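Participant: I'd like to ask you about the structure that follows.
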Amino acid sequence: MTARAVVTGIGVVAPSGVGADTHWATVLAGTRRTGPITLFDPASYPTRIGGEVPGFDPTGYADGRQRVQTDRWTHLGFAATRLALADAGLPERAPDPYGWAVTLASSSGGNLFGQRELQRLWGGPTRTVGAYQSIAWFYAASVGQLSIHHQFKGPCGVLVAESAGGLDSLAHAVRTVRRGTPVVIAGATECPLSPYALACQLRSGLLSDVADPERAYRPFDVAATGYVPAEGGAVFVVEELGHALARGARIYGEVTGWAATHDAAATDPHAGPDPTHYARALRLAMDRAGVRPHDVDVVWPDALGVPAHDRAEAAALRAVFGDRTPPVTTQKPLTGRAHQGGSALDAATALLAFRHNLLPASAGPEQPADGCELNFLRAPRRPRSRIALVGARGFDGFNSALVLRGAAPPPPSGDGI
């Protein structure tokens, strides 16, 4: 029989808060957590709004040596991983190192660390970089550091597909479980908030330059002007079902289907992608999960906030579901777009929704733009089939989709939702 992979732990470190419970409270309240960038002075940039993890202190999650050797992006990964392990009831160090693995997604690497070292190289009197520059900025740095610290010696790796990578990581974790590794750490964090990283994103022309945090990031809305960059993300413990049941683990849900496609040829970012390949990824994920369109309870979209891309995503959803899509919900306006960390955060929100037996309302749009008239979830409601479809599109043509089936919720405690 094919091994089944379930999620038993969730660690969230995002603008919505540190910890899954804090994130969920922010989602339910619909509180927007974007604001002025404070990790550096953005005064000379047209985009000055971002999503930062509030009050994040890495000292509680990484020791002094690790903090010196690594970037903030990796510090966020240390935190999310420790939270996920604790949530799953697993120890900090793998008791069976070769039976545990880590596969995270990455995109831009250690931006703040690299920025500091390159400024020292070209602007400092020593004209040198520190000894750790060669490893701290590297896109696989977080995977390597987590593998060393937690003794994850099973098949480890890193997925690079921009925002789509957060979903690819979970899909790869399922494959690793099916090949015989019982515990895999998956997910993603990101920190794209440095002068160089912001300049690279501005080059795409897709960032919002609206100064009001309440109106800067508005996917599918008539007033959409682009996305707001954000840091953070989510990390998961993905576990073989029998292994989880044997130790009495709480199960959030199961990854039952996934797919990835590519748009083959680069396109003008302002023209928007052809929805065909994204729709194909959505269909393939559902087919592999044995799910029909009317079975899907809710959709978490990519929600880039760029009008042409939003229209293309809406067209892809209509191509899969017809004119009446399942309820669609997005919380990215609350946090900003954290690239691969953002799609991992969407998956965490979906699993938490099933855990709490409540699908959260979408954070917009207030007025859908022409071509973006989807079935947005305007108020929280109870799930029906407990099946979520999560979509993500990475820059340069990556498309990924994931089907999650939520476990049955715990019996009510009498304390309310």
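Residues in the structure tokens are numbered from 1 in each chain, the chains being A, B, ... in the order shown, and ligands are numbered from 1 in the order shown.
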Residues within 12 Å of Gly30 (chain A), please, as a PyMOL selection string. Count only C-alpha atoms; anything in the same chain fewer than 2 positions from it doesn't count.
Facilitator: chain A and resi 16+23-28+32-33+214+329-335+360-364+378-380
Participant: Could you pull out the residues in region 133-382 of chain A that DSSP calls strand (DSSP E or B) from the backbone, as a ChimeraX atom specification?
Facilitator: /A:157-160,183-190,207,221,227,229-230,232-240,253-262,298-300,328,337,359,368,376,381
Participant: Restricting the calculation to only C-alpha atoms, which member of A:Val177, A:Leu118, A:Val18, A:Ala101 is positioned closest to Tyr196 (chain A)?
Facilitator: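 With only C-alpha atoms as the atom set, the closest residue is A:Leu118.
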Participant: Of the candidates A:Arg292, A:Arg318, A:Arg116, A:Arg178, which shows the shortest atom-to-atom distance to Ala388 (chain A), using only C-alpha atoms?
Facilitator: A:Arg292
Participant: Counting only C-alpha atoms, what are the residues of region 129-168 of chain A within 12 Å of region 82-91 of chain A, and for each of them which pair of atoms is the nearest and at what distance in Å, to one decimal? Sort the table by chain and rising number, as a Markdown table.
Facilitator:
| residue | atom | partner | partner_atom | distance |
| --- | --- | --- | --- | --- |
| A:Leu146 | CA | A:Arg82 | CA | 9.8 |
| A:His149 | CA | A:Arg82 | CA | 10.7 |
| A:His150 | CA | A:Pro91 | CA | 9.0 |
| A:Gln151 | CA | A:Pro91 | CA | 10.9 |
| A:Phe152 | CA | A:Pro91 | CA | 11.8 |
Participant: Just list as a ChimeraX atom specification whatever in region 83-134 of chain A DSSP marks as helix (DSSP H, G or I).
Facilitator: /A:83-88,97-99,111-123,133-134
Participant: Give me, as an mmCIF file with N, CA and C atoms, in the first residue's frame, all polymer residues having an atom no more than 7 Å from Gly17 (chain A), counting only C-alpha atoms and skipping those fewer than 4 positions away in the same chain.
Facilitator:
data_model
loop_
_atom_site.group_PDB
_atom_site.id
_atom_site.type_symbol
_atom_site.label_atom_id
_atom_site.label_comp_id
_atom_site.auth_asym_id
_atom_site.auth_seq_id
_atom_site.Cartn_x
_atom_site.Cartn_y
_atom_site.Cartn_z
ATOM 1 N N VAL A 13 5.489 31.765 11.747
ATOM 2 C CA VAL A 13 6.215 32.983 12.116
ATOM 3 C C VAL A 13 5.972 33.954 10.971
ATOM 4 N N THR A 22 -1.776 32.503 17.399
ATOM 5 C CA THR A 22 -1.771 33.952 17.170
ATOM 6 C C THR A 22 -2.134 34.260 15.723
ATOM 7 N N HIS A 23 -1.564 33.491 14.796
ATOM 8 C CA HIS A 23 -1.905 33.670 13.380
ATOM 9 C C HIS A 23 -3.402 33.474 13.156
ATOM 10 N N VAL A 53 7.406 40.499 10.759
ATOM 11 C CA VAL A 53 7.006 39.719 11.925
ATOM 12 C C VAL A 53 7.120 40.625 13.151
ATOM 13 N N PRO A 54 6.021 40.880 13.846
ATOM 14 C CA PRO A 54 6.057 41.864 14.946
ATOM 15 C C PRO A 54 6.889 41.388 16.136
#
Participant: My list of candidates is A:Ala344, A:Val299, A:Ala289, A:Ala249. Which is closest to Ala80 (chain A) when distances are computed with only C-alpha atoms?
Facilitator: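 Between A:Ala344, A:Val299, A:Ala289, A:Ala249, the residue approaching Ala80 (chain A) most closely is A:Ala344.
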Participant: Which polymer residues have any atom within 8 Å of an atom of Ala407 (chain A), counting only C-alpha atoms, with same-chain residues fewer than 5 positions away left out, as JSON, numbers by chain?
Facilitator: {"A": [251, 252, 253, 254, 354, 355, 386]}
Participant: What is the CA of Pro192 (chain A)-CA of Arg72 (chain A) distance in Å, reported with one decimal?
Facilitator: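 Separation between CA of Pro192 (chain A) and CA of Arg72 (chain A): 9.9 Å.
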Participant: Could you check the closest approach to Tyr217 (chain A) for each of A:Leu304, A:Ala5, A:Val255, A:Ala260 and tell me which residue wins, using only C-alpha atoms?
Facilitator: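 Of A:Leu304, A:Ala5, A:Val255, A:Ala260, the one nearest Tyr217 (chain A), counting only C-alpha atoms, is A:Leu304.
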Participant: Excluding Pro383 (chain A) and any residue of its chain fewer than 3 positions from it, enumerate the residues within 7 Å of it, using only C-alpha atoms, and give them as number ranges by chain.
Facilitator: A: 297, 357-359, 386
Participant: Grab the residues selected above and save them as a compact mmCIF listing (two decimals), in the first residue's frame with N, CA and C atoms.
Facilitator:
# COMPACT_ATOMS: atom_id res chain seq x y z
N ASP A 297 -14.30 22.30 -0.99
CA ASP A 297 -14.96 23.14 0.00
C ASP A 297 -14.56 24.61 -0.13
N ASN A 357 -12.79 24.03 12.55
CA ASN A 357 -14.11 23.80 11.94
C ASN A 357 -14.76 25.11 11.48
N LEU A 358 -13.95 25.98 10.89
CA LEU A 358 -14.45 27.28 10.46
C LEU A 358 -13.61 27.81 9.30
N LEU A 359 -14.25 28.05 8.16
CA LEU A 359 -13.56 28.64 7.02
C LEU A 359 -13.56 30.15 7.20
N ARG A 386 -14.55 19.44 3.85
CA ARG A 386 -13.22 19.49 4.47
C ARG A 386 -12.11 19.26 3.46
